[in-house]
Amino acid sequence: MLEHDPQPLAARCPDLPAGLSEVIARCLHKRAADRFGSAAEIVGALKATADATGSSSGTRWWRMHQVVVALLYIAAAVLAWQIKEWVETPLTVALFIGLGGVATVGAVLRGHLVFTDHMNHAHLTEERRRTRRGIVLIDFVLAAMLMLDAIATGGVRALPAVFALSLAVGVSLASVVLEPATTRAAFGDQA
């Protein structure tokens, strides 16, 4: 290595963020003048790379959005179970089973996106694109079932009906208003 430059890291590790490859390559320069002047400069370069690859505040809000909506799915399934306990009809039992299934699939998909962002950020854009339609469909199916639960219990138990209706509206708005906004804030043009 005294006479030749090392093979670029990007050639051996194509999934490595370009900024990180550049920081490492600069650390390996033969001439001291071409390397970083201090550890603080390296830290600054690494922070800039992390911000550019998705560790920014915007992506934290996007990840938080995914987790919160997954928790809303769980709340919807729990509410459907409680409604089924209060007003047990074939409809409320079917809605509970359906909501449980849809909520599980939705939470798994959103969890997958958070995991991909954390563990394999380079593929997140493709995964978001691949799961987007399914997630929107899940959000609206879940909202429709919650509305049916609200209708089924409205005459008997008004407060749970209001909760079901509010949750339906909340999940729908999160899907068509909040999620596109947090996605644009986190990923800009990639959204």
# chains A, B, ... in the order shown; residues from 1 in each chain; ligands from 1

$ residues_around --residues "Leu99 of chain A" --least-positions-apart "5" --cutoff "12 Å" --atoms "only C-alpha atoms" --output "MDAnalysis selection string"
chainID A and resid 72:81 83:84 91:94 104:107 138:149 164 168

$ select_by_dssp --residues "segment 16-158 of chain A" --states "alpha helix (DSSP H)" --output "MDAnalysis selection string"
chainID A and resid 18:27 39:52 57:86 90:119 124:153 158

$ write_last_selection --atoms "C-alpha atoms" --output "short mmCIF file (atom, residue, chain, number, x, y, z; two decimals), in the first residue's frame"
data_model
loop_
_atom_site.label_atom_id
_atom_site.label_comp_id
_atom_site.auth_asym_id
_atom_site.auth_seq_id
_atom_site.Cartn_x
_atom_site.Cartn_y
_atom_site.Cartn_z
CA ALA A 18 -21.25 7.52 -0.79
CA GLY A 19 -20.48 10.07 1.93
CA LEU A 20 -19.15 7.40 4.26
CA SER A 21 -16.95 5.97 1.47
CA GLU A 22 -15.56 9.46 0.88
CA VAL A 23 -14.77 9.97 4.58
CA ILE A 24 -12.95 6.64 4.76
CA ALA A 25 -11.07 7.31 1.49
CA ARG A 26 -9.95 10.69 2.82
CA CYS A 27 -8.65 9.02 6.01
CA ALA A 39 -10.78 13.86 14.86
CA ALA A 40 -13.29 16.71 15.18
CA GLU A 41 -13.19 17.16 11.39
CA ILE A 42 -13.86 13.44 10.94
CA VAL A 43 -16.81 13.62 13.34
CA GLY A 44 -18.18 16.63 11.43
CA ALA A 45 -17.86 14.80 8.12
CA LEU A 46 -19.56 11.71 9.56
CA LYS A 47 -22.42 13.81 10.96
CA ALA A 48 -22.91 15.45 7.58
CA THR A 49 -22.96 12.01 5.95
CA ALA A 50 -25.47 10.71 8.49
CA ASP A 51 -27.78 13.68 7.83
CA ALA A 52 -27.52 13.12 4.09
CA SER A 57 -34.77 15.03 12.17
CA GLY A 58 -37.23 14.59 9.30
CA THR A 59 -36.66 10.85 9.09
CA ARG A 60 -37.05 10.55 12.85
CA TRP A 61 -40.51 12.14 12.52
CA TRP A 62 -41.29 9.82 9.61
CA ARG A 63 -40.28 6.77 11.70
CA MET A 64 -42.32 8.10 14.61
CA HIS A 65 -45.33 8.45 12.30
CA GLN A 66 -44.98 4.79 11.28
CA VAL A 67 -44.83 3.65 14.91
CA VAL A 68 -47.76 5.84 16.01
CA VAL A 69 -50.00 4.59 13.20
CA ALA A 70 -49.05 0.98 14.04
CA LEU A 71 -50.11 1.72 17.63
CA LEU A 72 -53.40 3.16 16.31
CA TYR A 73 -53.93 -0.14 14.45
CA ILE A 74 -53.50 -1.98 17.74
CA ALA A 75 -55.90 0.43 19.47
CA ALA A 76 -58.43 -0.23 16.68
CA ALA A 77 -58.22 -3.99 17.18
CA VAL A 78 -58.56 -3.62 20.96
CA LEU A 79 -61.56 -1.30 20.53
CA ALA A 80 -63.16 -3.77 18.09
CA TRP A 81 -62.68 -6.53 20.66
CA GLN A 82 -64.30 -4.39 23.37
CA ILE A 83 -67.20 -3.46 21.10
CA LYS A 84 -67.69 -7.15 20.32
CA GLU A 85 -67.83 -7.85 24.06
CA TRP A 86 -70.44 -5.13 24.65
CA PRO A 90 -72.29 -11.69 13.99
CA LEU A 91 -71.35 -8.30 12.52
CA THR A 92 -69.29 -7.13 15.52
CA VAL A 93 -67.55 -10.53 15.75
CA ALA A 94 -66.69 -10.40 12.03
CA LEU A 95 -65.48 -6.81 12.37
CA PHE A 96 -63.28 -7.76 15.31
CA ILE A 97 -61.72 -10.63 13.35
CA GLY A 98 -61.27 -8.47 10.25
CA LEU A 99 -59.85 -5.53 12.18
CA GLY A 100 -57.44 -7.81 14.00
CA GLY A 101 -56.15 -9.23 10.72
CA VAL A 102 -55.91 -5.91 8.90
CA ALA A 103 -54.27 -4.22 11.90
CA THR A 104 -51.69 -7.00 12.12
CA VAL A 105 -50.77 -6.78 8.44
CA GLY A 106 -50.59 -2.98 8.60
CA ALA A 107 -48.41 -2.99 11.71
CA VAL A 108 -46.08 -5.55 10.15
CA LEU A 109 -45.71 -3.47 6.97
CA ARG A 110 -45.03 -0.27 8.90
CA GLY A 111 -42.62 -2.11 11.18
CA HIS A 112 -40.88 -3.44 8.08
CA LEU A 113 -40.39 0.11 6.81
CA VAL A 114 -38.93 1.28 10.14
CA PHE A 115 -36.63 -1.77 10.20
CA THR A 116 -35.55 -1.14 6.59
CA ASP A 117 -34.82 2.51 7.39
CA HIS A 118 -32.68 1.47 10.34
CA MET A 119 -30.93 -1.59 8.92
CA LEU A 124 -35.91 2.23 1.84
CA THR A 125 -37.12 4.23 -1.17
CA GLU A 126 -37.94 1.03 -3.05
CA GLU A 127 -39.63 -0.53 -0.01
CA ARG A 128 -41.73 2.60 0.58
CA ARG A 129 -42.78 2.55 -3.07
CA ARG A 130 -43.51 -1.19 -2.95
CA THR A 131 -45.68 -1.05 0.20
CA ARG A 132 -47.41 2.31 -0.29
CA ARG A 133 -50.56 1.08 -2.04
CA GLY A 134 -51.02 -1.77 0.41
CA ILE A 135 -50.65 0.54 3.40
CA VAL A 136 -53.17 3.04 2.01
CA LEU A 137 -55.61 0.19 1.29
CA ILE A 138 -55.14 -1.15 4.82
CA ASP A 139 -55.75 2.31 6.28
CA PHE A 140 -59.03 2.73 4.42
CA VAL A 141 -60.28 -0.82 5.01
CA LEU A 142 -59.52 -0.42 8.71
CA ALA A 143 -61.30 2.95 8.74
CA ALA A 144 -64.34 1.48 6.98
CA MET A 145 -64.56 -1.38 9.48
CA LEU A 146 -64.26 1.07 12.38
CA MET A 147 -67.12 3.10 10.90
CA LEU A 148 -69.24 -0.06 10.67
CA ASP A 149 -68.38 -0.80 14.31
CA ALA A 150 -69.46 2.74 15.21
CA ILE A 151 -72.78 2.26 13.41
CA ALA A 152 -73.31 -1.15 15.03
CA THR A 153 -72.81 0.21 18.55
CA ALA A 158 -72.42 6.06 22.21
#

$ decode --residues "segment 154-168 of chain A" --atoms "N, CA and C atoms" --output "mmCIF file, in the first residue's frame"
data_model
loop_
_atom_site.group_PDB
_atom_site.id
_atom_site.type_symbol
_atom_site.label_atom_id
_atom_site.label_comp_id
_atom_site.auth_asym_id
_atom_site.auth_seq_id
_atom_site.Cartn_x
_atom_site.Cartn_y
_atom_site.Cartn_z
ATOM 1 N N GLY A 154 -73.595 2.421 17.962
ATOM 2 C CA GLY A 154 -74.037 3.790 18.253
ATOM 3 C C GLY A 154 -75.310 3.876 19.060
ATOM 4 N N GLY A 155 -76.267 3.016 18.785
ATOM 5 C CA GLY A 155 -77.533 3.066 19.505
ATOM 6 C C GLY A 155 -77.460 2.484 20.908
ATOM 7 N N VAL A 156 -76.441 1.682 21.182
ATOM 8 C CA VAL A 156 -76.327 1.006 22.467
ATOM 9 C C VAL A 156 -75.267 1.662 23.359
ATOM 10 N N ARG A 157 -74.147 1.977 22.787
ATOM 11 C CA ARG A 157 -73.028 2.567 23.529
ATOM 12 C C ARG A 157 -72.446 3.701 22.685
ATOM 13 N N ALA A 158 -72.814 4.906 23.011
ATOM 14 C CA ALA A 158 -72.424 6.060 22.207
ATOM 15 C C ALA A 158 -70.932 6.376 22.303
ATOM 16 N N LEU A 159 -70.346 6.287 23.494
ATOM 17 C CA LEU A 159 -68.937 6.665 23.653
ATOM 18 C C LEU A 159 -68.002 5.774 22.837
ATOM 19 N N PRO A 160 -68.124 4.441 22.900
ATOM 20 C CA PRO A 160 -67.261 3.619 22.040
ATOM 21 C C PRO A 160 -67.502 3.886 20.552
ATOM 22 N N ALA A 161 -68.743 4.196 20.196
ATOM 23 C CA ALA A 161 -69.040 4.516 18.802
ATOM 24 C C ALA A 161 -68.298 5.774 18.373
ATOM 25 N N VAL A 162 -68.264 6.766 19.259
ATOM 26 C CA VAL A 162 -67.529 8.003 18.960
ATOM 27 C C VAL A 162 -66.035 7.703 18.841
ATOM 28 N N PHE A 163 -65.515 6.860 19.745
ATOM 29 C CA PHE A 163 -64.096 6.484 19.661
ATOM 30 C C PHE A 163 -63.806 5.785 18.327
ATOM 31 N N ALA A 164 -64.666 4.855 17.935
ATOM 32 C CA ALA A 164 -64.457 4.122 16.686
ATOM 33 C C ALA A 164 -64.501 5.073 15.493
ATOM 34 N N LEU A 165 -65.475 5.964 15.493
ATOM 35 C CA LEU A 165 -65.587 6.926 14.400
ATOM 36 C C LEU A 165 -64.384 7.869 14.366
ATOM 37 N N SER A 166 -63.957 8.353 15.534
ATOM 38 C CA SER A 166 -62.795 9.251 15.608
ATOM 39 C C SER A 166 -61.526 8.551 15.146
ATOM 40 N N LEU A 167 -61.356 7.312 15.550
ATOM 41 C CA LEU A 167 -60.185 6.551 15.136
ATOM 42 C C LEU A 167 -60.193 6.312 13.630
ATOM 43 N N ALA A 168 -61.368 6.054 13.080
ATOM 44 C CA ALA A 168 -61.489 5.872 11.626
ATOM 45 C C ALA A 168 -61.072 7.132 10.881
#
